[in-house]
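Trainee: Please see the structure below; I have some questions.
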Amino acid sequence: MSAVTEAPVALTRADPRSLLGETGMVERPRRRFLPFDPWHLFLAPLAVVMLLPLVWMVVTSLETEAQTFHFPPILWPGTLRFENYVNVIRESEFGTWFWNTTVVTVTIVLSNLVLCTLAAYAFARIRFLGRGVIYFVLLATLMVPLQVVLIPTFLIVKDLGLLDRLGALIVPHLASVFGIFMLTQFFRTLPIELEEAARIDGASRLSILVRIVVPLSLPALATLAVIQFMWTWNEFLWPLVTILTNQSAFTLQLGLATFQGAHQSQWHFVAAANIMSMVPILVLFLLAQRYFVRGIATQGLKG
Amino acid sequence: MERVRRFLVSDHAAGWAFILPSVILIVVFGVIPIVWGLILSFQKAGLISPEREWVGLQNYTQIASDPKARQAAVNTIYYTALFVPISILASLFIAHALNRKIAFVRFYRLAVFIPVVTSTIATGIMFLWLFDRNYGLANWLLGKVGLGPFGFFEEPSQAMIALVLMTVWGWLGFDTIIYLAALQGVPQELIEAAAIDGASRWSSFWRVTWPMLGPATLLLVVWSTISALQLFDEVFFVTKGGPLGRTSVVVFYVYRLAFEQGLGSLSLAGYAAAIAYVLFLVILVLTLAQFWLGRRVVHYAS
């Protein structure tokens with residue numbers, strides 16, 4: 001995680017939803033040498049290059065071992081060997097890794113939604129002793145790179161007896177400064193009149209938050225959820241140092257890395273395992289593109 | 001009693017009740033480690049062994065005479081010097097290309113953005129296979145135009161460049177989205193006005209559009225530098241610092257010291273923490289310098 005500034009919020013006046021749509025400059029007419037826009041000559045090869053590693057992985061995952069070790073490469077295997085996928089599931093702990101990652105990710109996303117919402121609402125709307133100082137200290141931790149806190153956090157997790165358990169992956173990430181910061185910024189943009197009216201009618205803080213603020217904040221909450229999902233699903237360094245020997249607590253990324261190490265010459269299996277590990281995040285991305293884009297365009301953070 | 005009751009229904013109590021769960025977690029796993037890391041860097045300490053001996057600045061002075069630390073620093077600078085300009089210039093051009101109403105632009109944007117959501121391990125596997133010395137698609141395609149064969153990750157002189165290509169592939173979508181958002185914030189009227197005044201596309205881009213992209217460029221330079229200096233996952237998984245230590249970067253060296261050698265009887269956690277803190281200071285100074293420089297050069301629209 002890296003530094004945060006408020007600059008990115010200001011520089012995206014464009015609607016994030018439009019960034020993946022058909023928007024942009026309308027070219028002034030120029031003489032046409034081609035029956036199509038010349039930019040296609042750059043963009044089409046670019047799209048091929050960007051998608052090639054993924055497509056090639058899918059092709060490899062459907063080949064036989066002999067086909068993968070053929071040069072020049074066999075671009076289409078003929079019969080598609082879906083049993084590669086079945087074999088990976090049957091002969092590795094893939095199911096366990098997938099389940100562990102799902103448990104960790106879902107727990108962290110849900111917990112962040114609740115805890116960060118509560119904290120962000122207080123920072124945005126409630127005046128209390130120490131608010132400014134605490135907010136500043138939290139933000140300052142965003143400046144500190146992971147490797148600086150890696151060793152001491154490891155020692156803390158060890159002292160808590162969490163090493164080699166899923167708890168080591170979950171507990172430190174139940175709340176995030178990123179989430180608090182993002183939601184605080186968002187809550188501040190909401191009109192305060194509705195909340196004031198509810199306050200006068202005697203509603204409690206909590207019921208104002210749940211009944212008025214949260215329903216207005218669903219896009220921001222969805223953005224936080226998908227970004228947190230992506231980070232947690234893909235996290236590697238932290239599981240690497242805290243899950244030392246207990247293979248039954250491996251996450252997908254750890255399992256995948258080990259699996260690749262153990263099957264270095266069986267690319268059809270490695271490819272199948274890799275594709276399966278990516279499916280959830282790719283599906284989520286295709287379904288919730290606008291929230292990914294909003295998360296990146298307005299907050300501009302990548303874990 | 002009245003005072004207690006008043007406090008309990010006051011905003012102070014409500015505010016603290018709302019933030020307390022998050023604050024406890026972040027203090028324990030975010031704030032304390034920062035302080036503890038600093039203390040560790042002045043100690044001879046192990047990860048598993050309970051040894052904690054105060055050694056003052058010895059860990060810091062040791063860095064200067066450690067050839068492996070020096071090598072890691074050189075490799076990290078080399079990687080950063082390649083990664084930052086390449087990824088930013090490429091994404092600027094791509095964002096410019098994508099910022100127009102043409103057929104398939106939706107698909108093109110999707111293709112550029114997809115690598116952002118794939119994990120570093122997944123990306124590492126894809127590129128290990130793509131860049132395989134003997135059976136890789138890359139060598140086959142490059143062979144068709146008379147290049148190669150390349151050893152890529154296995155060749156000492158090429159491994160870092162292969163890492164740059166792989167990480168640029170993964171980052172491009174992120175940078176492009178930022179630039180695309182900034183480009184869409186450039187008022188169309190300004191570009192039209194420049195055209196009416198007879199400016200060519202080239203000069204209207206550099207005279208009108210580019211200055212307005214200043215804040216986005218500054219942001220990307222800062223972020224790309226920060227993340228490039230902290231490269232780890234890709235090195236750990238794909239090259240393991242090799243071949244011949246040519247891709248051993250600073251965070252990888254820190255990891256090695258603390259978690260590979262430190263889990264044994266060696267007490268290197270303190271030394272590793274000192275290196276991590278030096279890197280942090282470098283990042284902090286660079287970031288401040290970039291913002292300071294940026295403030296003098298970058299034009300912020302009011």
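Within each chain, counting starts at residue 1; across the structure tokens, chains are named A, B, ... in the order shown, with ligands numbered 1 upward in that order.
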Skip range 275-291 of chain B itself and residues of its chain fewer than 2 positions away, then list as a PyMOL selection string all residues within 10 Å of it, counting only C-alpha atoms.
Mentor: (chain A and resi 3+143-151) or (chain B and resi 34+37-38+41+59-60+62-63+69+73+218-219+221-223+225-227+229-230+250-251+253-255+269-273+293-298)
Trainee: Output C-alpha atoms for every residue in the selection just made, as a CSV table (one decimal), in the first residue's frame.
Mentor:
chain,number,residue,atom,x,y,z
A,3,ALA,CA,0.9,7.0,-0.1
A,143,MET,CA,2.6,6.4,4.1
A,144,VAL,CA,4.5,3.5,5.7
A,145,PRO,CA,5.4,0.7,3.3
A,146,LEU,CA,4.5,-2.9,4.2
A,147,GLN,CA,8.1,-4.1,4.5
A,148,VAL,CA,8.8,-1.6,7.3
A,149,VAL,CA,6.0,-3.1,9.5
A,150,LEU,CA,6.4,-6.7,8.2
A,151,ILE,CA,8.8,-7.9,10.9
B,34,ILE,CA,6.0,1.2,13.0
B,37,GLY,CA,10.3,-1.6,13.7
B,38,LEU,CA,12.4,1.4,14.6
B,41,SER,CA,16.5,-1.6,13.9
B,59,ASN,CA,22.9,-2.2,12.1
B,60,TYR,CA,22.9,1.0,10.1
B,62,GLN,CA,26.7,-2.4,8.7
B,63,ILE,CA,24.6,-1.6,5.6
B,69,ALA,CA,22.8,-4.7,0.3
B,73,ALA,CA,20.2,-1.1,-4.0
B,218,LEU,CA,2.9,13.9,-10.9
B,219,LEU,CA,0.6,11.4,-9.1
B,221,VAL,CA,5.4,9.4,-11.0
B,222,VAL,CA,5.1,9.4,-7.2
B,223,TRP,CA,3.1,6.1,-7.1
B,225,THR,CA,8.3,5.2,-7.9
B,226,ILE,CA,7.0,4.1,-4.5
B,227,SER,CA,5.8,0.8,-5.8
B,229,LEU,CA,11.2,0.7,-5.0
B,230,GLN,CA,9.1,-1.9,-3.1
B,250,VAL,CA,15.9,-4.4,-1.5
B,251,VAL,CA,12.6,-5.8,-0.2
B,253,TYR,CA,16.9,-9.0,0.5
B,254,VAL,CA,15.0,-7.8,3.6
B,255,TYR,CA,12.7,-10.8,3.4
B,269,ALA,CA,15.7,-9.3,12.1
B,270,GLY,CA,17.2,-6.2,13.6
B,271,TYR,CA,19.5,-5.7,10.6
B,272,ALA,CA,16.6,-6.4,8.2
B,273,ALA,CA,14.5,-3.8,10.0
B,293,LEU,CA,9.3,19.7,-7.7
B,294,GLY,CA,5.8,19.1,-8.9
B,295,ARG,CA,4.4,22.2,-7.2
B,296,ARG,CA,6.9,24.3,-9.1
B,297,VAL,CA,6.3,22.7,-12.5
B,298,VAL,CA,2.7,21.4,-12.4
Trainee: I'd like the neighbourhood of range 256-265 of chain A as a VMD selection string, where a residue qualifies if any of its atoms comes within 12 Å (using only C-alpha atoms), though same-chain residues fewer than 6 positions away should be ignored.
Mentor: (chain A and resid 65 to 66 68 to 69 88 to 89 91 to 98 101 234 236 to 237 239 to 240 247 250 271 to 278) or (chain B and resid 119 to 126 128 to 129 132 134 to 135 233 to 234 236 to 238 240)
Trainee: Output the selection as an mmCIF file, in the first residue's frame - C-alpha atoms for each residue.
Mentor:
data_model
loop_
_atom_site.group_PDB
_atom_site.id
_atom_site.type_symbol
_atom_site.label_atom_id
_atom_site.label_comp_id
_atom_site.auth_asym_id
_atom_site.auth_seq_id
_atom_site.Cartn_x
_atom_site.Cartn_y
_atom_site.Cartn_z
ATOM 1 C CA GLU A 65 1.609 -32.628 -21.617
ATOM 2 C CA ALA A 66 3.207 -33.668 -24.938
ATOM 3 C CA THR A 68 2.828 -28.227 -24.296
ATOM 4 C CA PHE A 69 6.369 -29.430 -25.001
ATOM 5 C CA VAL A 88 -5.670 -30.609 -10.546
ATOM 6 C CA ILE A 89 -8.635 -30.571 -8.165
ATOM 7 C CA GLU A 91 -4.521 -34.437 -6.978
ATOM 8 C CA SER A 92 -3.783 -31.206 -5.165
ATOM 9 C CA GLU A 93 -5.252 -29.362 -2.204
ATOM 10 C CA PHE A 94 -6.801 -26.865 -4.584
ATOM 11 C CA GLY A 95 -10.222 -27.123 -2.940
ATOM 12 C CA THR A 96 -8.739 -26.324 0.486
ATOM 13 C CA TRP A 97 -6.801 -23.316 -0.834
ATOM 14 C CA PHE A 98 -9.871 -22.024 -2.612
ATOM 15 C CA THR A 101 -9.096 -17.804 0.419
ATOM 16 C CA ASN A 234 -4.383 -11.607 -4.561
ATOM 17 C CA PHE A 236 0.933 -12.946 -1.348
ATOM 18 C CA LEU A 237 3.625 -11.535 0.940
ATOM 19 C CA PRO A 239 0.376 -15.188 3.844
ATOM 20 C CA LEU A 240 3.896 -16.149 2.785
ATOM 21 C CA GLN A 247 -0.447 -26.533 4.458
ATOM 22 C CA PHE A 250 -2.594 -22.201 2.572
ATOM 23 C CA ALA A 271 -2.108 -23.483 -16.327
ATOM 24 C CA ALA A 272 -5.375 -25.130 -15.287
ATOM 25 C CA ALA A 273 -4.741 -24.323 -11.621
ATOM 26 C CA ASN A 274 -3.847 -20.761 -12.540
ATOM 27 C CA ILE A 275 -6.998 -20.227 -14.595
ATOM 28 C CA MET A 276 -9.170 -21.575 -11.773
ATOM 29 C CA SER A 277 -7.501 -19.236 -9.282
ATOM 30 C CA MET A 278 -8.325 -16.241 -11.481
ATOM 31 C CA SER B 119 -2.533 -11.501 -8.969
ATOM 32 C CA THR B 120 1.244 -11.265 -9.146
ATOM 33 C CA ILE B 121 1.530 -15.038 -8.824
ATOM 34 C CA ALA B 122 -0.940 -15.616 -11.664
ATOM 35 C CA THR B 123 0.917 -13.053 -13.759
ATOM 36 C CA GLY B 124 4.231 -14.649 -12.822
ATOM 37 C CA ILE B 125 3.042 -18.072 -13.981
ATOM 38 C CA MET B 126 1.766 -16.648 -17.269
ATOM 39 C CA LEU B 128 7.270 -17.798 -16.911
ATOM 40 C CA TRP B 129 5.453 -19.859 -19.511
ATOM 41 C CA ASP B 132 10.107 -20.053 -21.434
ATOM 42 C CA ASN B 134 12.708 -23.513 -25.038
ATOM 43 C CA TYR B 135 8.953 -23.739 -25.490
ATOM 44 C CA ASP B 233 6.309 -10.637 -5.129
ATOM 45 C CA GLU B 234 7.479 -10.917 -8.728
ATOM 46 C CA PHE B 236 10.370 -13.819 -5.022
ATOM 47 C CA PHE B 237 8.225 -15.976 -7.252
ATOM 48 C CA VAL B 238 9.668 -15.606 -10.738
ATOM 49 C CA LYS B 240 14.172 -15.701 -6.730
#
Trainee: For a test of reading the model, state the distance in Å between CA of Gln185 in chain A and CA of Thr117 in chain A, rounded to one decimal.
Mentor: 11.4 Å
Trainee: Would you mind listing, as JSON, numbers by chain, all residues of chain B that have at least one atom within 6 Å of chain A, where only C-alpha atoms are what counts?
Mentor: {"B": [11, 12, 15, 18, 19, 22, 29, 33, 34, 37, 99, 100, 101, 106, 108, 111, 112, 119, 122, 126, 135, 178, 181, 184, 185, 276]}
Trainee: To one decimal in Å, tell me the separation between CA of Val27 in chain B and CA of Leu139 in chain A.
Mentor: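 CA of Leu139 in chain A lies at a distance of 11.9 Å from CA of Val27 in chain B.
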Trainee: From a DSSP pass on the backbone, collect the residues of range 127-158 of chain B flagged as helix (DSSP H, G or I) and hand them back as a PyMOL selection string.
Mentor: chain B and resi 127-130+137-144+152-154
Trainee: Those same residues, written as a PDB file, in the first residue's frame with C-alpha atoms?
Mentor:
ATOM      1  CA  PHE B 127       5.061 -14.910 -18.030  1.00  0.00           C
ATOM      2  CA  LEU B 128       7.270 -17.798 -16.911  1.00  0.00           C
ATOM      3  CA  TRP B 129       5.453 -19.859 -19.511  1.00  0.00           C
ATOM      4  CA  LEU B 130       5.316 -17.148 -22.173  1.00  0.00           C
ATOM      5  CA  LEU B 137       5.413 -18.389 -27.256  1.00  0.00           C
ATOM      6  CA  ALA B 138       7.558 -15.236 -27.009  1.00  0.00           C
ATOM      7  CA  ASN B 139      10.657 -16.872 -28.454  1.00  0.00           C
ATOM      8  CA  TRP B 140       8.602 -18.410 -31.242  1.00  0.00           C
ATOM      9  CA  LEU B 141       6.991 -15.080 -32.191  1.00  0.00           C
ATOM     10  CA  LEU B 142      10.261 -13.154 -31.919  1.00  0.00           C
ATOM     11  CA  GLY B 143      11.956 -15.861 -33.967  1.00  0.00           C
ATOM     12  CA  LYS B 144       9.482 -15.155 -36.762  1.00  0.00           C
ATOM     13  CA  PHE B 152      14.589 -13.984 -20.482  1.00  0.00           C
ATOM     14  CA  PHE B 153      14.368 -14.746 -16.746  1.00  0.00           C
ATOM     15  CA  GLU B 154      17.237 -17.244 -16.969  1.00  0.00           C
TER      16      GLU B 154
END
Trainee: Report, in Å with one decimal, the straight-line distance from CA of Gly255 in chain A to CA of Arg256 in chain B.
Mentor: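 Calculated distance between CA of Gly255 in chain A and CA of Arg256 in chain B is 20.1 Å.
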Trainee: Could you tell me, as a VMD selection string, which residues of range 35-72 of chain B DSSP assigns to strand (DSSP E or B) when given the backbone?
Mentor: chain B and resid 43 to 45 52 to 54
Trainee: Those residues you just picked out, can you put them in a file as a compact mmCIF listing (two decimals), in the first residue's frame with N, CA and C atoms?
Mentor:
# COMPACT_ATOMS: atom_id res chain seq x y z
N GLN B 43 18.56 -2.97 17.45
CA GLN B 43 18.84 -4.15 18.26
C GLN B 43 19.43 -5.27 17.42
N LYS B 44 20.14 -6.16 18.09
CA LYS B 44 20.46 -7.44 17.48
C LYS B 44 19.35 -8.37 17.92
N ALA B 45 18.48 -8.73 16.99
CA ALA B 45 17.28 -9.46 17.38
C ALA B 45 16.94 -10.53 16.37
N ARG B 52 17.42 -10.12 22.40
CA ARG B 52 17.21 -8.71 22.12
C ARG B 52 18.36 -7.94 22.75
N GLU B 53 19.33 -7.59 21.95
CA GLU B 53 20.50 -6.90 22.49
C GLU B 53 20.62 -5.54 21.82
N TRP B 54 20.78 -4.50 22.64
CA TRP B 54 20.85 -3.13 22.12
C TRP B 54 22.22 -2.91 21.48
Trainee: Tell me, as a list in words, which residues lie within 7 Å of Arg246 in chain B, counting only C-alpha atoms; anything in the same chain fewer than 3 positions away does not count.
Mentor: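 Counting only the stated atoms, we get Asn75, Pro156, Gly241, Gly242 and Pro243 of chain B.
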Trainee: Would you export the selected residues with N, CA and C atoms as a compact mmCIF listing (two decimals), in the first residue's frame, please?
Mentor:
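And here's result_28.txt as it stands now:
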# COMPACT_ATOMS: atom_id res chain seq x y z
N ASN B 75 20.30 -2.88 -8.02
CA ASN B 75 19.24 -3.53 -8.80
C ASN B 75 17.91 -2.78 -8.69
N PRO B 156 21.24 -13.67 -17.07
CA PRO B 156 21.57 -12.57 -16.15
C PRO B 156 21.35 -11.18 -16.72
N GLY B 241 15.49 -13.72 -7.11
CA GLY B 241 16.67 -12.89 -6.95
C GLY B 241 17.75 -13.15 -8.00
N GLY B 242 17.64 -14.29 -8.68
CA GLY B 242 18.66 -14.66 -9.64
C GLY B 242 18.36 -14.12 -11.02
N PRO B 243 19.04 -14.55 -12.04
CA PRO B 243 20.25 -15.35 -11.97
C PRO B 243 21.45 -14.52 -11.51
Trainee: Which residues are close to Tyr78 in chain B, i.e. within 12 Å by only C-alpha atoms, leaving aside same-chain residues fewer than 5 positions away? Reply as a compact mmCIF listing (two decimals) with C-alpha atoms, in the first residue's frame.
Mentor:
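Generated output (part21.txt):
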# COMPACT_ATOMS: atom_id res chain seq x y z
CA GLN B 71 23.84 -4.98 -5.00
CA ALA B 72 20.18 -4.91 -3.93
CA ALA B 73 20.22 -1.12 -3.97
CA PHE B 83 9.85 0.86 -14.92
CA VAL B 84 8.71 4.40 -14.09
CA PRO B 85 9.33 6.15 -17.44
CA ALA B 159 16.16 -11.02 -16.34
CA MET B 160 15.55 -7.51 -15.02
CA ILE B 161 14.25 -6.31 -18.39
CA LEU B 163 10.67 -8.34 -15.04
CA VAL B 164 10.10 -4.77 -16.23
CA THR B 225 8.32 5.20 -7.93
CA ALA B 228 8.86 0.16 -7.98
CA LEU B 229 11.16 0.67 -4.99
CA LEU B 231 9.13 -4.64 -5.78
CA ARG B 246 20.94 -9.79 -10.78
CA THR B 247 17.31 -9.28 -9.70
CA SER B 248 17.82 -9.28 -5.94
CA VAL B 249 16.03 -6.08 -4.92
CA VAL B 250 15.91 -4.41 -1.51
